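Before any comments, here is the structure.
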Amino acid sequence: MAIPAASHIDRPPTAPEPPLGILAAAAAAVFVAGLAISTIRAGGSPFPSPFASAADALDYFRDHAAAVRTGAVLQFASAIPLTLFVAAVTGRLRRVSEGFAPALATIGGTLAAAFMFCSGVVSWVLTVPEVTGDPALVRALHTLAFLCGGPANVVATGLFIAGIVLSVRPHRQLPPWLLTAGLVIAFIAVWTTASLTFTTAAFLLPIARFTGMAWLIAVGFLLAARKNLGE
């Protein structure tokens, strides 16, 4: 009597996969909403740059605590669908590829979500009255919020994108032009590290962030349309 192959014995049913494109779009939408709503609540004043005057930043956090808290909450909330997206995508990648590429995607995506959570939490702390009474503490937390939500998140997102590209490229699951665009975005994202030394390089941060969001949304919908990925 033939014995069934081990791979077909007691295999647990696959859990339903969340909507990839919708998760990526939700993460981007909540993040952008946080920027827009907090700016509106602050009377049109944008969130201060850590490279600007410390006195101006201190005045902003004192005068617009409600706006900062709104932005912090929405930034924190945006990391929730991002985390679900990372989990769903990397789960798919591990079914079609092994080794370095899916591991890179997993680590990069996990760090990107973690840094977004961290930036939201630190920004929220900046709204506490006792904190805004200490100029040195405000400066330190403001810089930390920027570093987590800026270079750290963007670089990690670039690694996440690179991991996705390297994982699916051999299987031709995405259009070649989209894969090339992903590598370009990942390259720019990694190069935002230069903003830690040269403040003029900070202009790369929004470029990498928003093109990366658009790329992840496109990839999410395209991968969701390919039901046979990993089967």
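Quick note on naming: the chains in the structure tokens go A, B, ... in the order shown, residues restart at 1 in each chain, and ligands are numbered from 1 in order of appearance.
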So which bits of range 13-178 of chain A end up helix (DSSP H, G or I) when you DSSP the backbone, as a PyMOL selection string? chain A and resi 20-41+54-63+65-96+100-125+129-132+135-171+176-178
What are the closest atom pairs, with distances in Å to one decimal, for each residue of range 93-151 of chain A lying within 12 Å of range 184-207 of chain A, using only C-alpha atoms, rows by chain and rising residue number, as CSV?
```
residue,atom,partner,partner_atom,distance
A:Ala105,CA,A:Ala186,CA,11.5
A:Gly108,CA,A:Ala186,CA,10.9
A:Ala112,CA,A:Ala189,CA,11.7
A:Thr143,CA,A:Leu196,CA,11.0
A:Leu144,CA,A:Leu196,CA,12.0
A:Phe146,CA,A:Leu196,CA,10.7
A:Leu147,CA,A:Leu196,CA,8.5
A:Cys148,CA,A:Leu196,CA,11.8
A:Gly149,CA,A:Leu205,CA,10.1
A:Gly150,CA,A:Leu205,CA,6.7
A:Pro151,CA,A:Thr193,CA,6.1
```
C-alpha atoms of the current selection, written as a PDB file, in the first residue's frame:
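Below you can see selection39.pdb, which holds the result:
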```pdb
ATOM      1  CA  ALA A 105      12.061  41.942   2.583  1.00  0.00           C
ATOM      2  CA  GLY A 108      13.207  45.727   5.922  1.00  0.00           C
ATOM      3  CA  ALA A 112       9.884  50.170   8.432  1.00  0.00           C
ATOM      4  CA  THR A 143      15.131  64.992  16.497  1.00  0.00           C
ATOM      5  CA  LEU A 144      14.388  61.403  17.526  1.00  0.00           C
ATOM      6  CA  PHE A 146      12.425  62.846  12.747  1.00  0.00           C
ATOM      7  CA  LEU A 147      15.136  60.195  12.654  1.00  0.00           C
ATOM      8  CA  CYS A 148      12.657  57.348  13.244  1.00  0.00           C
ATOM      9  CA  GLY A 149       9.976  58.586  10.873  1.00  0.00           C
ATOM     10  CA  GLY A 150      12.432  59.997   8.344  1.00  0.00           C
ATOM     11  CA  PRO A 151      15.746  58.336   7.428  1.00  0.00           C
TER      12      PRO A 151
END
```
Between CA of Ala65 in chain A and CA of Thr127 in chain A, what is the distance, to one decimal in Å?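 Taking CA of Ala65 in chain A and CA of Thr127 in chain A, their separation equals 4.9 Å.
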Residues of range 89-109 of chain A that approach range 165-179 of chain A to 8 Å or less, counting only C-alpha atoms: could you list each one with the shortest pair of atoms and its distance in Å to one decimal, rows by chain and increasing residue number, as a tab-separated table?
```
residue	atom	partner	partner_atom	distance
A:Leu93	CA	A:Ser167	CA	6.3
A:Val96	CA	A:Ser167	CA	7.5
A:Ser97	CA	A:Ser167	CA	5.8
A:Ala101	CA	A:Ser167	CA	5.2
A:Pro102	CA	A:Ser167	CA	5.9
```
Can you spit out the residues from that selection as a PDB file, in the first residue's frame, using N, CA and C atoms?
```pdb
ATOM      1  N   LEU A  93       6.162  35.832  -0.395  1.00  0.00           N
ATOM      2  CA  LEU A  93       7.526  35.734  -0.926  1.00  0.00           C
ATOM      3  C   LEU A  93       8.220  34.460  -0.467  1.00  0.00           C
ATOM      4  N   VAL A  96       7.659  31.480  -2.682  1.00  0.00           N
ATOM      5  CA  VAL A  96       8.232  31.415  -4.034  1.00  0.00           C
ATOM      6  C   VAL A  96       9.745  31.552  -4.044  1.00  0.00           C
ATOM      7  N   SER A  97      10.327  31.954  -2.931  1.00  0.00           N
ATOM      8  CA  SER A  97      11.768  32.179  -2.909  1.00  0.00           C
ATOM      9  C   SER A  97      12.317  31.853  -1.528  1.00  0.00           C
ATOM     10  N   ALA A 101      16.825  37.149  -0.361  1.00  0.00           N
ATOM     11  CA  ALA A 101      15.834  38.122  -0.829  1.00  0.00           C
ATOM     12  C   ALA A 101      14.595  38.203   0.067  1.00  0.00           C
ATOM     13  N   PRO A 102      13.905  37.081   0.339  1.00  0.00           N
ATOM     14  CA  PRO A 102      12.735  37.197   1.227  1.00  0.00           C
ATOM     15  C   PRO A 102      13.113  37.599   2.648  1.00  0.00           C
TER      16      PRO A 102
END
```
Show me, as a count of residues only, the residues that have an atom within 10 Å of range 72-82 of chain A when counting only C-alpha atoms, minus same-chain residues fewer than 4 positions from it. 43
What does the distance from CA of Leu216 in chain A to CA of Leu111 in chain A come to in Å, to one decimal?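 Answer for the CA of Leu216 in chain A to CA of Leu111 in chain A separation: 15.7 Å.
The space between CA of Ala54 in chain A and CA of Arg209 in chain A spans 25.3 Å.
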Show me a table, sorted first by chain and then by increasing residue number, of the residues of range 47-94 of chain A having an atom at most 10 Å from range 217-225 of chain A, each with its shortest atom pair and the distance in Å to one decimal, counting only C-alpha atoms and written as JSON lines.
```
{"residue": "A:Phe85", "atom": "CA", "partner": "A:Gly220", "partner_atom": "CA", "distance": 8.2}
{"residue": "A:Ala88", "atom": "CA", "partner": "A:Gly220", "partner_atom": "CA", "distance": 9.7}
{"residue": "A:Val89", "atom": "CA", "partner": "A:Gly220", "partner_atom": "CA", "distance": 8.0}
{"residue": "A:Arg92", "atom": "CA", "partner": "A:Leu223", "partner_atom": "CA", "distance": 9.1}
```
Spatial neighbours of Pro135 in chain A, 12 Å, only C-alpha atoms, chain gap at least 6 places, as a ChimeraX atom specification: /A:53-62,126,129,141-142
Take the residues that were just selected and, keeping all heavy atoms, output them as a compact mmCIF listing (two decimals), in the first residue's frame.
```
# COMPACT_ATOMS: atom_id res chain seq x y z
N SER A 53 15.37 76.38 13.51
CA SER A 53 15.66 76.97 14.82
C SER A 53 14.98 76.18 15.94
O SER A 53 13.80 75.82 15.85
CB SER A 53 15.17 78.42 14.84
OG SER A 53 15.11 78.92 16.15
N ALA A 54 15.73 75.93 17.01
CA ALA A 54 15.18 75.22 18.16
C ALA A 54 14.08 76.03 18.82
O ALA A 54 13.08 75.48 19.31
CB ALA A 54 16.30 74.92 19.17
N ALA A 55 14.21 77.34 18.81
CA ALA A 55 13.19 78.21 19.42
C ALA A 55 11.88 78.13 18.64
O ALA A 55 10.80 78.08 19.24
CB ALA A 55 13.70 79.64 19.46
N ASP A 56 11.97 78.11 17.31
CA ASP A 56 10.76 78.01 16.48
C ASP A 56 10.05 76.68 16.72
O ASP A 56 8.81 76.63 16.79
CB ASP A 56 11.12 78.16 15.00
CG ASP A 56 11.57 79.57 14.66
OD1 ASP A 56 11.28 80.49 15.44
OD2 ASP A 56 12.20 79.75 13.60
N ALA A 57 10.83 75.60 16.81
CA ALA A 57 10.24 74.28 17.06
C ALA A 57 9.56 74.25 18.42
O ALA A 57 8.46 73.70 18.57
CB ALA A 57 11.31 73.21 16.96
N LEU A 58 10.20 74.83 19.42
CA LEU A 58 9.63 74.85 20.77
C LEU A 58 8.30 75.60 20.78
O LEU A 58 7.31 75.13 21.36
CB LEU A 58 10.62 75.49 21.75
CG LEU A 58 10.18 75.56 23.22
CD1 LEU A 58 9.95 74.17 23.78
CD2 LEU A 58 11.24 76.30 24.04
N ASP A 59 8.26 76.73 20.10
CA ASP A 59 7.01 77.50 20.01
C ASP A 59 5.92 76.69 19.31
O ASP A 59 4.75 76.74 19.70
CB ASP A 59 7.26 78.82 19.26
CG ASP A 59 8.10 79.80 20.05
OD1 ASP A 59 8.17 79.64 21.29
OD2 ASP A 59 8.69 80.72 19.44
N TYR A 60 6.30 75.96 18.27
CA TYR A 60 5.31 75.17 17.52
C TYR A 60 4.69 74.10 18.41
O TYR A 60 3.46 73.94 18.44
CB TYR A 60 5.99 74.51 16.32
CG TYR A 60 5.04 73.70 15.47
CD1 TYR A 60 4.36 74.28 14.41
CD2 TYR A 60 4.82 72.34 15.73
CE1 TYR A 60 3.48 73.55 13.62
CE2 TYR A 60 3.94 71.59 14.96
CZ TYR A 60 3.28 72.20 13.91
OH TYR A 60 2.40 71.45 13.15
N PHE A 61 5.50 73.37 19.14
CA PHE A 61 4.98 72.30 19.99
C PHE A 61 4.16 72.84 21.16
O PHE A 61 3.22 72.19 21.61
CB PHE A 61 6.12 71.42 20.49
CG PHE A 61 6.78 70.62 19.41
CD1 PHE A 61 8.13 70.79 19.11
CD2 PHE A 61 6.06 69.71 18.65
CE1 PHE A 61 8.74 70.08 18.10
CE2 PHE A 61 6.67 68.99 17.64
CZ PHE A 61 8.01 69.17 17.36
N ARG A 62 4.50 74.02 21.63
CA ARG A 62 3.73 74.63 22.71
C ARG A 62 2.38 75.14 22.20
O ARG A 62 1.35 75.00 22.87
CB ARG A 62 4.51 75.79 23.32
CG ARG A 62 5.63 75.36 24.25
CD ARG A 62 6.41 76.57 24.73
NE ARG A 62 7.42 76.22 25.74
CZ ARG A 62 8.34 77.05 26.19
NH1 ARG A 62 8.38 78.30 25.72
NH2 ARG A 62 9.22 76.67 27.10
N LEU A 126 5.73 64.53 22.59
CA LEU A 126 6.03 65.95 22.43
C LEU A 126 4.84 66.85 22.72
O LEU A 126 4.98 68.07 22.76
CB LEU A 126 6.54 66.22 21.01
CG LEU A 126 8.02 65.92 20.76
CD1 LEU A 126 8.32 65.89 19.27
CD2 LEU A 126 8.89 66.96 21.46
N PRO A 129 2.49 68.56 28.28
CA PRO A 129 2.89 69.89 28.76
C PRO A 129 4.21 69.91 29.53
O PRO A 129 5.00 70.85 29.39
CB PRO A 129 1.71 70.30 29.67
CG PRO A 129 0.55 69.54 29.13
CD PRO A 129 1.10 68.23 28.67
N LEU A 141 13.68 65.01 21.62
CA LEU A 141 12.57 64.18 21.16
C LEU A 141 12.16 64.53 19.74
O LEU A 141 11.79 63.65 18.95
CB LEU A 141 11.38 64.34 22.11
CG LEU A 141 11.55 63.76 23.51
CD1 LEU A 141 10.35 64.10 24.39
CD2 LEU A 141 11.76 62.25 23.45
N HIS A 142 12.21 65.81 19.41
CA HIS A 142 11.89 66.24 18.04
C HIS A 142 12.85 65.60 17.05
O HIS A 142 12.44 65.08 16.00
CB HIS A 142 11.99 67.77 17.98
CG HIS A 142 11.68 68.34 16.64
ND1 HIS A 142 12.12 69.58 16.24
CD2 HIS A 142 10.98 67.85 15.57
CE1 HIS A 142 11.70 69.84 15.02
NE2 HIS A 142 11.02 68.81 14.59
```
